[in-house]
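**Q** I am attaching a structure below and will ask some questions about it afterwards.
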Amino acid sequence: MRRASWLLTLFLASEVHAAPVAGTWSGDFLGHESVVVLETRSGGGVIGFLPADPNARIVGGVVDGNDVLLNIDVRDPGFFAPGIFDGTIVGNQLNGSFTLGGGAATPISFSRDPKPYTVEYWLLGEEEIDSAASRVLGQTGAFRSGGYVGLDHCDFLSCAGDFSGWDVAGSAHTITAEAGGGCPLDVTLEGLWSDPEKFLVGSYDGSDCNGAIAGDFIGGKAGRAGAKPLRDALKLLADFADRVQAESFTALDLIADGYSNDGKTKTHWQSFE
């Protein structure tokens with residue numbers, strides 16, 4: 001019994017020491033509720049993504065004990081700035097501040113969030129596909145958070161913004177979009193999902209800094225994934241990056257047998273000298 005207790009204590013200690021930052025965190029980020037998914041690499045590196053923020057990317061990070069530093073780029077067709085989150089893990093909290101570009105540091109507090117969630121990826125626009133959008137759903141399927149970003153221009157709604165609501169009743173979708181910055185936006189989109197055509201079709205109206213705006217829109221669902229598959233994919237990327245950085249040919253074991261890119265297959269790289 002004593003040996004079992006000792007082993008359990010050792011296991012728990014190694015888990016906490018090995019990856020205190022790995023997992024899902026939630027909190028207010030860039031002015032709205034967000035979700036941060038992180039995974040550790042060997043040597044203290046951190047990778048991750050922000051499923052509710054299609055205009056923000058985690059491009060690097062480091063964890064040293066309980067101290068966490070994340071490099072986060074915020075980008076849309078009309079704006080780009082590098083950002084830094086500098087925080088510390090205290091229990092189930094990740095407390096720190098976020099500095100975007102040369103701006104002032106904004107206090108941020110994330111909470112560890114073990115609850116299941118689902119992310120839907122959408123493409124939205126007027127006459128063509130203009131924006132990438134994400135819709136994060138909670139454990140019961142209710143809307144939790146989301147946002148959009150223009151792919152090449154800012155003609156649809158705005159360069160980027162948040163969804164404060166995306167409710168579905170049968171085939172009817174009601175979406176509330178907001179944006180800040182130099183030209184605040186407040187728009188409601190109402191559409192009907194056509195299952196045979198796999199398209200969401202409707203209209204929107206609201207206002208921005210120039211006054212009233214209105215128009216028609218179309219949307220299509222680009223994908224859907226749950227929390228576990230997303231975490232598994234992130235762990236696979238971390239493992240792959242570690243093996244590549246170590247210049248190990250075992251990294252090839254993680255490549256699918258059907259891999260093909262620019263005429264090169266998995267077999268080619270395995271026989272490469």
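Convention: chains lettered A, B, ... in structure tokens order; per-chain residue numbering from 1; ligands numbered from 1 as shown.
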Residues of region 112-152 of chain A that approach region 229-248 of chain A to 12 Å or less, counting only C-alpha atoms: could you list each one with the shortest pair of atoms and its distance in Å to one decimal, rows by chain and increasing residue number, as JSON lines?

**A**
{"residue": "A:Pro114", "atom": "CA", "partner": "A:Arg231", "partner_atom": "CA", "distance": 11.7}
{"residue": "A:Pro116", "atom": "CA", "partner": "A:Pro229", "partner_atom": "CA", "distance": 11.0}
{"residue": "A:Tyr117", "atom": "CA", "partner": "A:Leu230", "partner_atom": "CA", "distance": 10.2}
{"residue": "A:Thr118", "atom": "CA", "partner": "A:Leu230", "partner_atom": "CA", "distance": 9.3}
{"residue": "A:Val119", "atom": "CA", "partner": "A:Leu230", "partner_atom": "CA", "distance": 9.1}
{"residue": "A:Glu120", "atom": "CA", "partner": "A:Leu230", "partner_atom": "CA", "distance": 11.8}

**Q** Name the residues in contact with Gly83 (chain A) at a cut-off of 7 Å, using only C-alpha atoms, excluding same-chain residues fewer than 6 positions from it; report them as a ChimeraX atom specification.

**A** /A:71-73,98-101

**Q** Using only C-alpha atoms, which residues sit within 6 Å of Thr40 (chain A) once same-chain residues fewer than 4 positions away are excluded, as an MDAnalysis selection string?

**A** chainID A and resid 22 45:46

**Q** Output the selection as a short mmCIF file (atom, residue, chain, number, x, y, z; two decimals), in the first residue's frame - N, CA and C atoms for each residue.

**A**
data_model
loop_
_atom_site.label_atom_id
_atom_site.label_comp_id
_atom_site.auth_asym_id
_atom_site.auth_seq_id
_atom_site.Cartn_x
_atom_site.Cartn_y
_atom_site.Cartn_z
N ALA A 22 -0.10 22.54 -20.52
CA ALA A 22 -0.81 21.80 -21.56
C ALA A 22 -2.28 21.65 -21.21
N GLY A 45 9.40 24.33 -25.13
CA GLY A 45 8.62 25.03 -26.15
C GLY A 45 7.13 24.82 -25.96
N VAL A 46 6.34 25.74 -26.47
CA VAL A 46 4.88 25.66 -26.40
C VAL A 46 4.29 25.96 -27.77
#

**Q** From a DSSP pass on the backbone, collect the residues of region 23-76 of chain A flagged as strand (DSSP E or B) and hand them back as a count of residues only.

**A** 40

**Q** In Å, how far is it from CA of Arg135 (chain A) to CA of Ala225 (chain A)?

**A**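 Value for the CA of Arg135 (chain A)-CA of Ala225 (chain A) distance: 10.8 Å.
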
**Q** Using the chain letters and numbers from this document, which residues of region 213-243 of chain A does DSSP assign to helix (DSSP H, G or I), as a PyMOL selection string?

**A** chain A and resi 227-243

**Q** Which neighbours of region 28-36 of chain A fall inside 6 Å, counting only C-alpha atoms, when residues of the same chain fewer than 2 positions from it are skipped, and could you give them as a PDB file with C-alpha atoms, in the first residue's frame?

**A**
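Result file selection_16.pdb:
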ATOM      1  CA  THR A  24      -7.484  24.052 -22.662  1.00  0.00           C
ATOM      2  CA  TRP A  25      -7.863  27.470 -21.056  1.00  0.00           C
ATOM      3  CA  SER A  26     -10.681  30.015 -21.354  1.00  0.00           C
ATOM      4  CA  LEU A  50      -7.066  30.003 -30.545  1.00  0.00           C
ATOM      5  CA  ALA A  52     -12.437  31.364 -31.305  1.00  0.00           C
TER       6      ALA A  52
END

**Q** Which one is closest to Asn92 (chain A): A:Gly23, A:Pro51, A:Gly258, A:Gly150? Count only C-alpha atoms.

**A**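 Using only C-alpha atoms, the shortest distance to Asn92 (chain A) belongs to A:Gly23.
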
**Q** Hey, what's within 12 Å of Gly27 (chain A) if we count only C-alpha atoms and toss same-chain stuff fewer than 6 positions away? As a VMD selection string, please?

**A** chain A and resid 33 to 37 50 52 93 to 96 107 to 113 144 to 145

**Q** Write out, as a short mmCIF file (atom, residue, chain, number, x, y, z; two decimals), in the first residue's frame, the residues just selected, with N, CA and C atoms.

**A**
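The resulting file, again00.cif, is shown below:
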data_model
loop_
_atom_site.label_atom_id
_atom_site.label_comp_id
_atom_site.auth_asym_id
_atom_site.auth_seq_id
_atom_site.Cartn_x
_atom_site.Cartn_y
_atom_site.Cartn_z
N GLU A 33 -14.86 36.58 -25.02
CA GLU A 33 -14.52 35.27 -24.45
C GLU A 33 -13.78 34.46 -25.50
N SER A 34 -12.70 33.84 -25.08
CA SER A 34 -11.88 33.09 -26.00
C SER A 34 -11.48 31.75 -25.40
N VAL A 35 -10.91 30.90 -26.23
CA VAL A 35 -10.42 29.58 -25.82
C VAL A 35 -8.99 29.45 -26.31
N VAL A 36 -8.11 28.99 -25.43
CA VAL A 36 -6.70 28.80 -25.77
C VAL A 36 -6.34 27.34 -25.53
N VAL A 37 -5.82 26.68 -26.55
CA VAL A 37 -5.42 25.28 -26.44
C VAL A 37 -3.90 25.22 -26.59
N LEU A 50 -5.95 29.27 -31.13
CA LEU A 50 -7.07 30.00 -30.55
C LEU A 50 -8.29 29.74 -31.42
N ALA A 52 -11.40 30.33 -31.20
CA ALA A 52 -12.44 31.36 -31.31
C ALA A 52 -11.93 32.63 -31.97
N GLN A 93 -5.30 28.70 -12.66
CA GLN A 93 -5.36 30.00 -13.31
C GLN A 93 -4.05 30.28 -14.05
N LEU A 94 -4.18 30.92 -15.19
CA LEU A 94 -3.02 31.41 -15.95
C LEU A 94 -3.17 32.92 -16.01
N ASN A 95 -2.49 33.61 -15.11
CA ASN A 95 -2.65 35.06 -14.97
C ASN A 95 -1.46 35.78 -15.58
N GLY A 96 -1.75 36.88 -16.30
CA GLY A 96 -0.67 37.64 -16.90
C GLY A 96 -1.18 38.87 -17.61
N PRO A 107 -4.20 43.38 -18.64
CA PRO A 107 -4.28 42.22 -17.74
C PRO A 107 -5.23 41.16 -18.29
N ILE A 108 -4.82 39.90 -18.20
CA ILE A 108 -5.63 38.78 -18.69
C ILE A 108 -5.53 37.63 -17.70
N SER A 109 -6.64 36.96 -17.49
CA SER A 109 -6.66 35.78 -16.62
C SER A 109 -7.42 34.66 -17.32
N PHE A 110 -6.74 33.55 -17.57
CA PHE A 110 -7.36 32.37 -18.16
C PHE A 110 -7.58 31.32 -17.06
N SER A 111 -8.65 30.56 -17.18
CA SER A 111 -8.94 29.46 -16.26
C SER A 111 -8.83 28.14 -17.00
N ARG A 112 -8.25 27.13 -16.32
CA ARG A 112 -8.19 25.80 -16.95
C ARG A 112 -9.61 25.30 -17.17
N ASP A 113 -9.88 24.82 -18.37
CA ASP A 113 -11.25 24.47 -18.77
C ASP A 113 -11.29 23.04 -19.32
N ARG A 144 -20.88 29.49 -27.67
CA ARG A 144 -19.97 29.95 -26.63
C ARG A 144 -19.16 31.17 -27.06
N SER A 145 -18.57 31.11 -28.26
CA SER A 145 -17.76 32.23 -28.73
C SER A 145 -17.46 32.02 -30.21
#
